[in-house]
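Undergrad: Compact mmCIF, C-alpha atoms, file my_file21.txt:
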```txt
# COMPACT_ATOMS: atom_id res chain seq x y z
CA MET L 309 56.94 -21.31 -18.95
CA LYS L 310 56.02 -23.75 -16.17
CA LYS L 311 57.45 -21.32 -13.63
CA VAL L 312 55.24 -18.54 -14.96
CA VAL L 313 52.17 -20.76 -14.80
CA ARG L 314 53.07 -21.77 -11.25
CA ILE L 315 53.43 -18.12 -10.20
CA VAL L 316 50.07 -17.27 -11.75
CA MET L 317 48.42 -20.20 -9.95
CA TRP L 318 49.87 -19.14 -6.61
CA PHE L 319 48.79 -15.57 -7.28
CA VAL L 320 45.19 -16.71 -7.94
CA ILE L 321 45.23 -18.89 -4.82
CA LEU L 322 46.55 -15.96 -2.79
CA ILE L 323 43.71 -13.72 -4.04
CA LEU L 324 41.13 -16.40 -3.17
CA VAL L 325 42.60 -16.83 0.31
CA ILE L 326 42.60 -13.08 0.94
CA ALA L 327 39.02 -12.83 -0.32
CA GLY L 328 37.97 -15.73 1.90
CA ILE L 329 39.64 -14.21 4.96
CA SER L 330 38.05 -10.83 4.22
CA LEU L 331 34.59 -12.29 3.85
CA SER L 332 35.03 -14.40 6.98
CA ALA L 333 36.13 -11.33 8.93
CA LEU L 334 33.19 -9.37 7.59
CA TYR L 335 30.86 -12.20 8.48
CA MET L 336 32.22 -12.63 12.02
CA LEU L 337 33.08 -9.06 13.01
CA ALA L 338 30.47 -6.83 11.37
CA ASP L 339 27.07 -6.94 13.03
CA PRO L 340 24.40 -6.24 10.36
CA ASN L 341 21.77 -5.69 13.09
CA LYS L 342 23.36 -2.30 13.71
CA MET L 343 22.00 -1.32 10.31
CA LYS L 344 18.36 -2.20 11.14
CA PRO L 345 17.44 1.24 12.52
CA VAL L 346 19.45 2.93 9.77
CA ILE L 347 17.58 1.03 7.05
CA ALA L 348 14.18 1.58 8.70
CA ASP L 349 14.84 5.30 9.17
CA GLU L 350 16.03 5.67 5.59
CA VAL L 351 12.90 3.95 4.24
CA PHE L 352 10.64 6.10 6.42
CA LYS L 353 12.44 9.32 5.54
CA ARG L 354 12.24 8.70 1.81
CA THR L 355 8.83 7.01 1.54
CA GLY L 356 6.81 7.55 4.72
CA TYR L 357 6.34 3.78 4.94
CA LYS L 358 7.08 1.88 8.15
CA LEU L 359 9.58 -0.95 7.69
CA VAL L 360 9.78 -3.58 10.42
CA ILE L 361 12.49 -6.25 10.43
CA ASP L 362 11.60 -9.07 12.82
CA GLY L 363 14.46 -11.09 14.27
CA ASN L 364 18.10 -10.72 13.43
CA LEU L 365 19.70 -9.66 10.20
CA SER L 366 22.48 -11.90 8.97
CA TRP L 367 25.03 -11.92 6.18
CA SER L 368 24.49 -14.17 3.21
CA LEU L 369 27.40 -15.28 1.05
CA TYR L 370 25.50 -17.35 -1.51
CA PRO L 371 24.43 -16.96 -4.26
CA GLN L 372 25.48 -13.31 -3.75
CA VAL L 373 26.80 -11.31 -0.85
CA GLY L 374 23.87 -9.68 0.86
CA LEU L 375 21.61 -9.47 3.87
CA LYS L 376 19.07 -12.05 5.04
CA ALA L 377 15.98 -11.38 7.11
CA ALA L 378 13.49 -13.96 8.33
CA HIS L 379 10.49 -11.63 8.30
CA VAL L 380 9.98 -8.11 6.97
CA THR L 381 6.79 -6.02 6.79
CA LEU L 382 6.03 -2.71 5.10
CA THR L 383 3.07 -0.61 6.23
CA ALA L 384 1.61 2.42 4.47
CA PRO L 385 1.27 5.72 6.37
CA GLY L 386 -1.73 5.81 8.70
CA GLN L 387 -2.40 2.08 8.39
CA LYS L 388 -2.19 -0.61 11.04
CA ARG L 389 -2.09 -3.61 8.75
CA ALA L 390 0.98 -4.22 6.59
CA PHE L 391 0.23 -4.27 2.88
CA LEU L 392 3.50 -6.12 2.15
CA ASP L 393 4.62 -9.11 4.22
CA MET L 394 7.82 -10.97 3.26
CA LYS L 395 9.36 -14.13 4.71
CA GLY L 396 12.77 -15.54 3.91
CA MET L 397 14.07 -12.32 2.35
CA HIS L 398 17.54 -11.97 0.87
CA VAL L 399 18.70 -8.58 -0.40
CA ALA L 400 21.80 -8.66 -2.59
CA VAL L 401 23.27 -5.18 -3.17
CA GLU L 402 26.61 -3.43 -2.95
CA LEU L 403 27.47 -3.19 0.75
CA SER L 404 28.69 0.38 0.34
CA GLN L 405 25.16 1.32 -0.72
CA LEU L 406 23.79 0.03 2.58
CA LEU L 407 26.43 1.68 4.72
CA HIS L 408 26.15 5.15 3.20
CA GLY L 409 23.39 7.47 2.08
CA ILE L 410 21.10 5.68 -0.35
CA ASN L 411 20.61 8.01 -3.28
CA LYS L 412 21.08 5.31 -5.85
CA LEU L 413 20.57 1.61 -5.29
CA SER L 414 20.55 -1.46 -7.48
CA GLY L 415 20.33 -5.11 -6.59
CA GLU L 416 18.17 -8.18 -6.35
CA VAL L 417 15.65 -9.31 -3.79
CA HIS L 418 14.86 -12.99 -3.31
CA ILE L 419 11.79 -13.80 -1.20
CA THR L 420 10.61 -17.25 -0.15
CA ASP L 421 7.02 -16.19 0.63
CA VAL L 422 5.38 -12.82 0.04
CA THR L 423 1.87 -11.49 0.65
CA MET L 424 0.75 -8.21 -0.91
CA LEU L 425 -2.81 -6.97 -0.32
CA ASN L 426 -3.76 -10.54 0.67
CA VAL L 427 -2.45 -12.02 -2.60
CA ARG L 428 0.18 -14.68 -1.89
CA ALA L 429 3.24 -15.65 -3.94
CA ASN L 430 6.43 -17.62 -3.40
CA SER L 431 9.92 -18.04 -4.85
CA ALA L 432 9.92 -14.38 -5.87
CA LEU L 433 12.80 -12.65 -7.62
CA VAL L 434 12.67 -8.86 -7.91
CA GLY L 435 15.18 -6.57 -9.54
CA LEU L 436 15.56 -3.50 -7.33
CA HIS L 437 16.45 -0.07 -8.72
CA TRP L 438 16.21 3.19 -6.75
CA GLN L 439 17.27 6.49 -8.27
CA ASP L 440 15.99 10.08 -8.12
CA ASN L 441 13.37 8.97 -5.56
CA ILE L 442 11.85 6.57 -8.10
CA LEU L 443 11.60 2.87 -7.26
CA THR L 444 11.66 0.50 -10.23
CA LEU L 445 11.02 -3.22 -9.72
CA ARG L 446 12.18 -5.05 -12.83
CA PRO L 447 11.96 -7.88 -13.42
CA ILE L 448 9.30 -9.29 -11.14
CA GLN L 449 9.09 -13.07 -11.23
CA ALA L 450 7.20 -15.34 -8.86
CA SER L 451 5.14 -18.48 -8.51
CA LEU L 452 1.55 -18.09 -7.35
CA TYR L 453 -1.65 -20.13 -7.28
CA ASN L 454 -0.13 -23.02 -9.27
CA GLY L 455 0.97 -20.60 -11.98
CA SER L 456 3.46 -17.81 -12.48
CA MET L 457 3.74 -14.03 -12.56
CA SER L 458 6.09 -11.82 -14.55
CA GLY L 459 6.30 -8.09 -15.17
CA MET L 460 7.48 -4.80 -13.73
CA ALA L 461 6.32 -2.00 -11.44
CA ARG L 462 7.38 1.56 -10.73
CA GLY L 463 6.62 3.82 -7.78
CA LYS L 464 7.32 7.46 -6.94
CA ASP L 465 6.23 10.38 -4.75
CA PHE L 466 6.33 8.22 -1.62
CA SER L 467 6.73 11.17 0.73
CA THR L 468 3.53 12.85 -0.54
CA THR L 469 0.95 10.78 -2.42
CA PRO L 470 2.52 7.51 -3.61
CA ALA L 471 1.94 6.76 -7.30
CA TRP L 472 2.37 3.35 -8.92
CA ASN L 473 2.20 1.91 -12.40
CA TRP L 474 2.72 -1.69 -13.43
CA ASP L 475 2.51 -4.16 -16.28
CA VAL L 476 2.04 -7.69 -14.98
CA THR L 477 1.08 -10.99 -16.61
CA LEU L 478 -0.32 -13.99 -14.72
CA SER L 479 0.01 -17.33 -16.50
CA HIS L 480 -1.83 -20.59 -15.79
CA VAL L 481 -3.03 -19.41 -12.38
CA ASP L 482 -5.81 -21.04 -10.34
CA ILE L 483 -8.43 -18.28 -10.46
CA LYS L 484 -10.68 -19.28 -7.55
CA PRO L 485 -8.18 -18.98 -4.66
CA LEU L 486 -6.64 -15.89 -6.30
CA LEU L 487 -10.00 -14.08 -6.34
CA ARG L 488 -10.85 -15.37 -2.86
CA ASP L 489 -7.68 -13.89 -1.40
CA ALA L 490 -7.97 -10.64 -3.37
CA ASN L 491 -11.69 -9.98 -2.77
CA GLY L 492 -12.57 -12.04 0.30
CA ASP L 493 -14.68 -15.17 0.58
CA HIS L 494 -18.06 -13.45 1.02
CA SER L 495 -19.13 -13.32 -2.61
CA ARG L 496 -21.98 -15.50 -3.84
CA LEU L 497 -20.56 -15.30 -7.35
CA LYS L 498 -17.29 -17.23 -7.59
CA VAL L 499 -15.24 -18.12 -10.64
CA SER L 500 -12.89 -21.07 -10.94
CA GLY L 501 -10.68 -22.27 -13.76
CA THR L 502 -7.19 -21.81 -15.14
CA GLY L 503 -6.51 -18.24 -16.19
CA GLN L 504 -4.26 -15.99 -18.21
CA VAL L 505 -4.50 -12.38 -17.01
CA ARG L 506 -2.62 -9.25 -18.01
CA ILE L 507 -2.94 -5.97 -16.11
CA ASN L 508 -1.46 -2.68 -17.28
CA ALA L 509 -2.55 -0.04 -14.82
CA SER L 510 -1.66 2.91 -12.62
CA THR L 511 -2.94 4.40 -9.39
CA GLN L 512 -2.04 6.69 -6.53
CA GLY L 513 -2.84 6.82 -2.84
CA SER L 514 -1.59 5.74 0.57
CA VAL L 515 -4.41 3.40 1.60
CA THR L 516 -5.98 0.47 -0.23
CA GLN L 517 -9.41 2.02 -0.79
CA GLU L 518 -7.85 5.19 -2.16
CA MET L 519 -5.65 3.20 -4.53
CA ILE L 520 -8.64 1.21 -5.80
CA SER L 521 -10.70 4.37 -6.37
CA ASN L 522 -7.84 5.94 -8.35
CA LEU L 523 -7.14 2.85 -10.45
CA ASN L 524 -6.84 3.38 -14.22
CA GLY L 525 -5.71 0.99 -16.93
CA VAL L 526 -6.65 -2.03 -19.00
CA THR L 527 -6.84 -5.73 -18.33
CA ASP L 528 -7.61 -8.74 -20.47
CA PHE L 529 -8.27 -12.28 -19.34
CA ASN L 530 -8.93 -15.78 -20.64
CA ILE L 531 -10.13 -18.50 -18.27
CA THR L 532 -10.58 -22.11 -19.40
CA ASN L 533 -12.37 -25.18 -18.05
CA GLY L 534 -14.07 -23.35 -15.21
CA ILE L 535 -17.28 -22.84 -13.25
CA VAL L 536 -19.24 -19.73 -12.27
CA GLU L 537 -20.74 -20.52 -8.88
CA GLY L 538 -23.92 -18.76 -7.77
CA VAL L 539 -25.84 -18.73 -11.07
CA ASP L 540 -26.95 -21.26 -13.67
CA LEU L 541 -27.25 -19.48 -17.01
CA ASN L 542 -28.38 -22.70 -18.71
CA TYR L 543 -31.32 -22.86 -16.30
CA LEU L 544 -32.29 -19.29 -17.18
CA LEU L 545 -32.10 -20.16 -20.87
CA ILE L 546 -34.34 -23.22 -20.44
CA THR L 547 -36.74 -21.26 -18.23
CA ALA L 548 -37.09 -18.48 -20.79
CA ASP L 549 -37.66 -20.98 -23.57
CA ALA L 550 -40.36 -22.73 -21.51
CA LEU L 551 -42.10 -19.46 -20.66
CA LEU L 552 -42.10 -18.25 -24.25
CA ASN L 553 -43.50 -21.51 -25.53
CA ARG L 554 -45.83 -22.28 -22.58
CA LYS L 555 -44.31 -25.62 -21.74
CA ALA L 556 -43.22 -27.30 -18.51
CA ILE L 557 -39.84 -26.39 -17.08
CA GLU L 558 -37.38 -29.26 -16.73
CA LEU L 559 -34.97 -28.47 -13.91
CA PRO L 560 -31.35 -29.32 -14.76
CA GLN L 561 -28.91 -30.58 -12.16
CA ASN L 562 -26.64 -28.19 -10.25
CA ILE L 563 -28.80 -25.13 -10.89
CA ASN L 564 -26.46 -23.02 -8.78
CA GLN L 565 -23.49 -23.10 -11.12
CA THR L 566 -22.49 -22.60 -14.74
CA ALA L 567 -19.75 -24.76 -16.21
CA PHE L 568 -17.89 -23.29 -19.16
CA ASP L 569 -15.15 -24.14 -21.62
CA SER L 570 -13.83 -20.57 -21.84
CA LEU L 571 -14.53 -17.15 -20.40
CA ALA L 572 -12.69 -14.23 -21.98
CA GLY L 573 -12.83 -10.48 -22.31
CA SER L 574 -11.13 -7.20 -21.57
CA MET L 575 -11.86 -4.27 -19.29
CA LEU L 576 -11.10 -0.57 -19.44
CA ILE L 577 -10.65 0.76 -15.91
CA THR L 578 -11.35 4.43 -15.24
CA ASN L 579 -11.13 5.74 -11.66
CA GLY L 580 -12.01 2.35 -10.23
CA LEU L 581 -14.84 1.56 -12.68
CA ALA L 582 -14.05 -1.45 -14.91
CA GLN L 583 -16.11 -1.53 -18.10
CA THR L 584 -16.39 -4.32 -20.68
CA ASN L 585 -18.20 -4.71 -23.98
CA ASN L 586 -16.71 -7.99 -25.19
CA LEU L 587 -17.38 -10.53 -22.46
CA LEU L 588 -17.74 -13.97 -24.02
CA LEU L 589 -18.54 -17.24 -22.25
CA ILE L 590 -18.71 -20.49 -24.23
CA SER L 591 -20.00 -23.83 -22.97
CA SER L 592 -21.03 -27.02 -24.70
CA THR L 593 -24.74 -26.07 -24.68
CA PHE L 594 -24.81 -22.27 -25.02
CA LYS L 595 -22.73 -19.14 -25.38
CA VAL L 596 -23.04 -15.79 -23.65
CA LYS L 597 -22.14 -12.31 -24.81
CA GLY L 598 -22.01 -9.56 -22.21
CA GLN L 599 -21.31 -5.95 -21.49
CA GLY L 600 -21.47 -3.72 -18.44
CA ASN L 601 -19.28 -2.64 -15.55
CA TYR L 602 -17.79 -3.64 -12.24
CA ASN L 603 -17.44 -0.90 -9.61
CA LEU L 604 -14.24 -1.88 -7.79
CA PRO L 605 -14.57 0.39 -4.70
CA ARG L 606 -18.20 -0.64 -4.13
CA LYS L 607 -17.69 -4.24 -5.32
CA SER L 608 -20.90 -4.07 -7.34
CA LEU L 609 -21.90 -5.40 -10.78
CA ASP L 610 -24.13 -4.11 -13.55
CA LEU L 611 -24.02 -6.59 -16.45
CA ALA L 612 -26.33 -7.23 -19.39
CA LEU L 613 -25.96 -10.70 -20.94
CA LEU L 614 -27.37 -12.31 -24.08
CA LEU L 615 -27.70 -16.11 -23.92
CA GLU L 616 -27.79 -18.08 -27.13
CA SER L 617 -28.46 -21.81 -27.18
CA GLN L 618 -26.13 -24.09 -29.08
CA LYS L 619 -28.80 -26.78 -28.99
CA GLU L 620 -32.15 -27.01 -30.73
CA LEU L 621 -34.69 -25.18 -28.59
CA MET L 622 -38.13 -24.07 -29.71
CA THR L 623 -37.02 -20.48 -29.19
CA GLN L 624 -33.87 -19.47 -31.03
CA TRP L 625 -33.80 -15.93 -29.66
CA GLN L 626 -30.97 -14.49 -27.67
CA ILE L 627 -32.29 -14.55 -24.10
CA PRO L 628 -31.45 -11.37 -22.14
CA VAL L 629 -30.23 -11.71 -18.53
CA LEU L 630 -29.37 -8.97 -16.05
CA ILE L 631 -26.87 -9.27 -13.18
CA SER L 632 -26.72 -6.30 -10.81
CA GLY L 633 -25.98 -5.37 -7.21
CA GLU L 634 -23.23 -6.28 -4.78
CA VAL L 635 -20.93 -9.13 -5.78
CA SER L 636 -21.60 -10.77 -2.40
CA LYS L 637 -25.34 -11.09 -3.19
CA PRO L 638 -26.11 -10.08 -6.79
CA ASP L 639 -29.56 -10.05 -8.33
CA VAL L 640 -29.65 -12.42 -11.34
CA ARG L 641 -32.82 -12.34 -13.42
CA LEU L 642 -34.31 -12.60 -16.88
CA ASP L 643 -34.76 -9.21 -18.53
CA MET L 644 -38.53 -9.54 -18.93
CA ARG L 645 -38.83 -6.07 -20.46
CA GLU L 646 -36.66 -7.13 -23.40
CA ILE L 647 -38.35 -10.53 -23.59
CA ASN L 648 -41.79 -8.86 -23.75
CA LYS L 649 -40.50 -6.58 -26.50
CA GLN L 650 -39.39 -9.64 -28.44
CA ILE L 651 -42.76 -11.31 -27.91
CA ALA L 652 -44.61 -8.16 -28.99
CA SER L 653 -42.38 -7.82 -32.03
CA GLU L 654 -42.99 -11.43 -32.99
CA GLN L 655 -46.75 -11.03 -32.56
CA ILE L 656 -46.70 -7.86 -34.68
CA ASP L 657 -44.76 -9.73 -37.36
CA LYS L 658 -47.37 -12.52 -37.28
CA VAL L 659 -50.21 -9.98 -37.60
CA LYS L 660 -48.39 -8.29 -40.46
CA GLU L 661 -47.99 -11.64 -42.20
CA LYS L 662 -51.69 -12.44 -41.72
CA VAL L 663 -52.72 -9.04 -43.06
CA LYS L 664 -50.35 -9.45 -45.99
CA ASN L 665 -51.81 -12.85 -46.81
CA LYS L 666 -55.37 -11.53 -46.43
CA ILE L 667 -54.68 -8.64 -48.82
CA LYS L 668 -53.15 -11.10 -51.25
CA ASP L 669 -56.29 -13.29 -51.06
CA ILE L 670 -58.58 -10.29 -51.65
CA ALA L 671 -56.48 -9.17 -54.60
CA ASN L 672 -56.62 -12.63 -56.09
CA ASN L 673 -60.43 -12.73 -55.71
CA LEU L 674 -60.82 -9.32 -57.38
CA LEU L 675 -58.68 -10.49 -60.29
CA GLY L 676 -60.70 -13.66 -60.53
CA GLU L 677 -57.76 -15.90 -59.82
```
Let's see the structure in the file written out as structure tokens.
TA:
Amino acid sequence: MKKVVRIVMWFVILILVIAGISLSALYMLADPNKMKPVIADEVFKRTGYKLVIDGNLSWSLYPQVGLKAAHVTLTAPGQKRAFLDMKGMHVAVELSQLLHGINKLSGEVHITDVTMLNVRANSALVGLHWQDNILTLRPIQASLYNGSMSGMARGKDFSTTPAWNWDVTLSHVDIKPLLRDANGDHSRLKVSGTGQVRINASTQGSVTQEMISNLNGVTDFNITNGIVEGVDLNYLLITADALLNRKAIELPQNINQTAFDSLAGSMLITNGLAQTNNLLLISSTFKVKGQGNYNLPRKSLDLALLLESQKELMTQWQIPVLISGEVSKPDVRLDMREINKQIASEQIDKVKEKVKNKIKDIANNLLGE
């Protein structure tokens, strides 16, 4: 029995030695840089995208056998700027799939830092599946903006008009830097806070603007303990109350921002136009209900808000506020047309009450009461 065990042990050791020698020979003798033009040509032939591998490719033996690249970029047809920029990339796939025609491919991609359409992430893990000219990325996991991302994406028709669909969830992300990177830092309206965001959408196109214009899907969000910079809704509420009751306006502090406990809602996106009818902002002093749209290609807003005080003001109406124009410099104002309608309606009600009381008095006099 001991002899059998000893033989088995030596057999296992022999296999490990052979495997080690084979891997060492592969590592020392095979030059992966010879595959750089092959990989780039294959990507271009099948997708039309330009793949650039900066520096040398090298073999990686841990945690899986694969290829390592210090810096890789992917650029859409007709574009100068790469829409995907990856640093510290490790592709773990079957080597035979890299050395022969790639009709079917499965593996994992580990990326230290990745930037896609200006949005940055790190410690990314992506499951890679390519079959029948369809690219499936599942799962997608990454850390970004002090939170995390998980989900999947699928792309096809790369040689004609690329089409994508995805279902992605962002958890506990820092909203302000995320929106700054995604939309630029030129907007007067800025939102900060910790957010939960889910996006289920699809689009097609080769360039960013085309993809935004063709965007369709749904998204829902919930942001807590944040600030809307560029507008003070509480100031508008106090101003409207003062105007309606002909009293002096007391200016609050920080009239250029709105602090909130939560901001939530959902949007239906149709050909780049995001519409909402359930926007809800809650703060300690007031709450806001809103509806309207956000034109993604034009980066313009058209929102109608109703402000309701959670404190005792002389006016307990819902104060209407309009926000419209470009996000970089929106027009924020009281909806005086609706306010005047409310005033007129209240005055009519007062006249009706006076007339009603007068008729009652006349009737009482006629009856001798």
Undergrad: (-12.0, -15.6, -20.5) in this file's frame - what residues fall within 6 Å of it? Use all atoms listed in the file and give the answer as a PyMOL selection string.
TA: chain L and resi 529-531+570-573
Undergrad: Have a look at L:Thr578, L:Ser500, L:Asn441, L:Ser608 and name the one nearest to Val351 of chain L; count all atoms listed in the file.
TA: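 Distance minimum relative to Val351 of chain L lands on L:Asn441.
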Undergrad: Could you tell me which of L:Ser451, L:Gln439, L:Gln387, L:Thr477 comes closest to Val422 of chain L if we count only C-alpha atoms?
TA: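 Checking each candidate against Val422 of chain L, we get L:Ser451 as the closest.
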Undergrad: Between atom CA of Thr381 of chain L and atom CA of Arg488 of chain L, what is the distance in Å, rounded to a tenth?
TA: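 Pair atom CA of Thr381 of chain L / atom CA of Arg488 of chain L returns 22.2 Å.
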Undergrad: Atom CA of Gly538 of chain L and atom CA of Leu497 of chain L, how far apart in Å?
TA: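 Those two atoms sit 4.8 Å apart.
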Undergrad: Taking 5 positions as the minimum chain separation for residues in the same chain, which residues sit within 10 Å of Phe594 of chain L when counting all atoms listed in the file? Answer as a list in words.
TA: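 The residues satisfying every condition are Leu541, Asn542, Leu545, Phe568, Leu589, Leu615, Glu616, Ser617, Gln618 and Lys619 of chain L.
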Undergrad: With only C-alpha atoms as the counted atoms, please give the residues lying no more than 9 Å from Lys637 of chain L, apart from itself and same-chain residues fewer than 6 positions off, as an MDAnalysis selection string.
TA: chainID L and resid 494:497
Undergrad: Restricting the calculation to only C-alpha atoms, which member of L:Leu452, L:Asp339, L:Phe466, L:Ser431 is positioned closest to Lys358 of chain L?
TA: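 The closest residue to Lys358 of chain L is L:Phe466.
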Undergrad: Take the point (19.6, -6.8, 12.3) in the file's coordinates, draw a sphere of radius 10 Å around it, and report as a ChimeraX atom specification every protein, DNA or RNA residue with an atom inside or on it, counting only C-alpha atoms.
TA: /L:339-345,347,361-367,375-377
Undergrad: In Å, rounded to a single decimal, give me how far atom CA of Ile483 of chain L is from atom CA of Leu523 of chain L.
TA: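 Computing the Euclidean distance for atom CA of Leu523 of chain L and atom CA of Ile483 of chain L yields 21.2 Å.
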Undergrad: From the set L:Arg428, L:Arg606, L:Lys555, L:Arg645, which residue has the shortest atom-to-atom contact distance to Ser521 of chain L, counting all atoms listed in the file?
TA: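 Residue with the minimum atom-to-atom distance to Ser521 of chain L: L:Arg606.
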Undergrad: Restricting the calculation to only C-alpha atoms, which member of L:Pro470, L:Gly598, L:Gly503, L:Gly534 is positioned closest to Leu486 of chain L?
TA: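 Smallest distance to Leu486 of chain L is found for L:Gly503.
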Undergrad: Between L:Val640, L:Met394, L:Met460, L:Ile507, which one has atoms that come closest to Leu359 of chain L, using all atoms listed in the file?
TA: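 For Leu359 of chain L, the nearest of the given residues is L:Met394.
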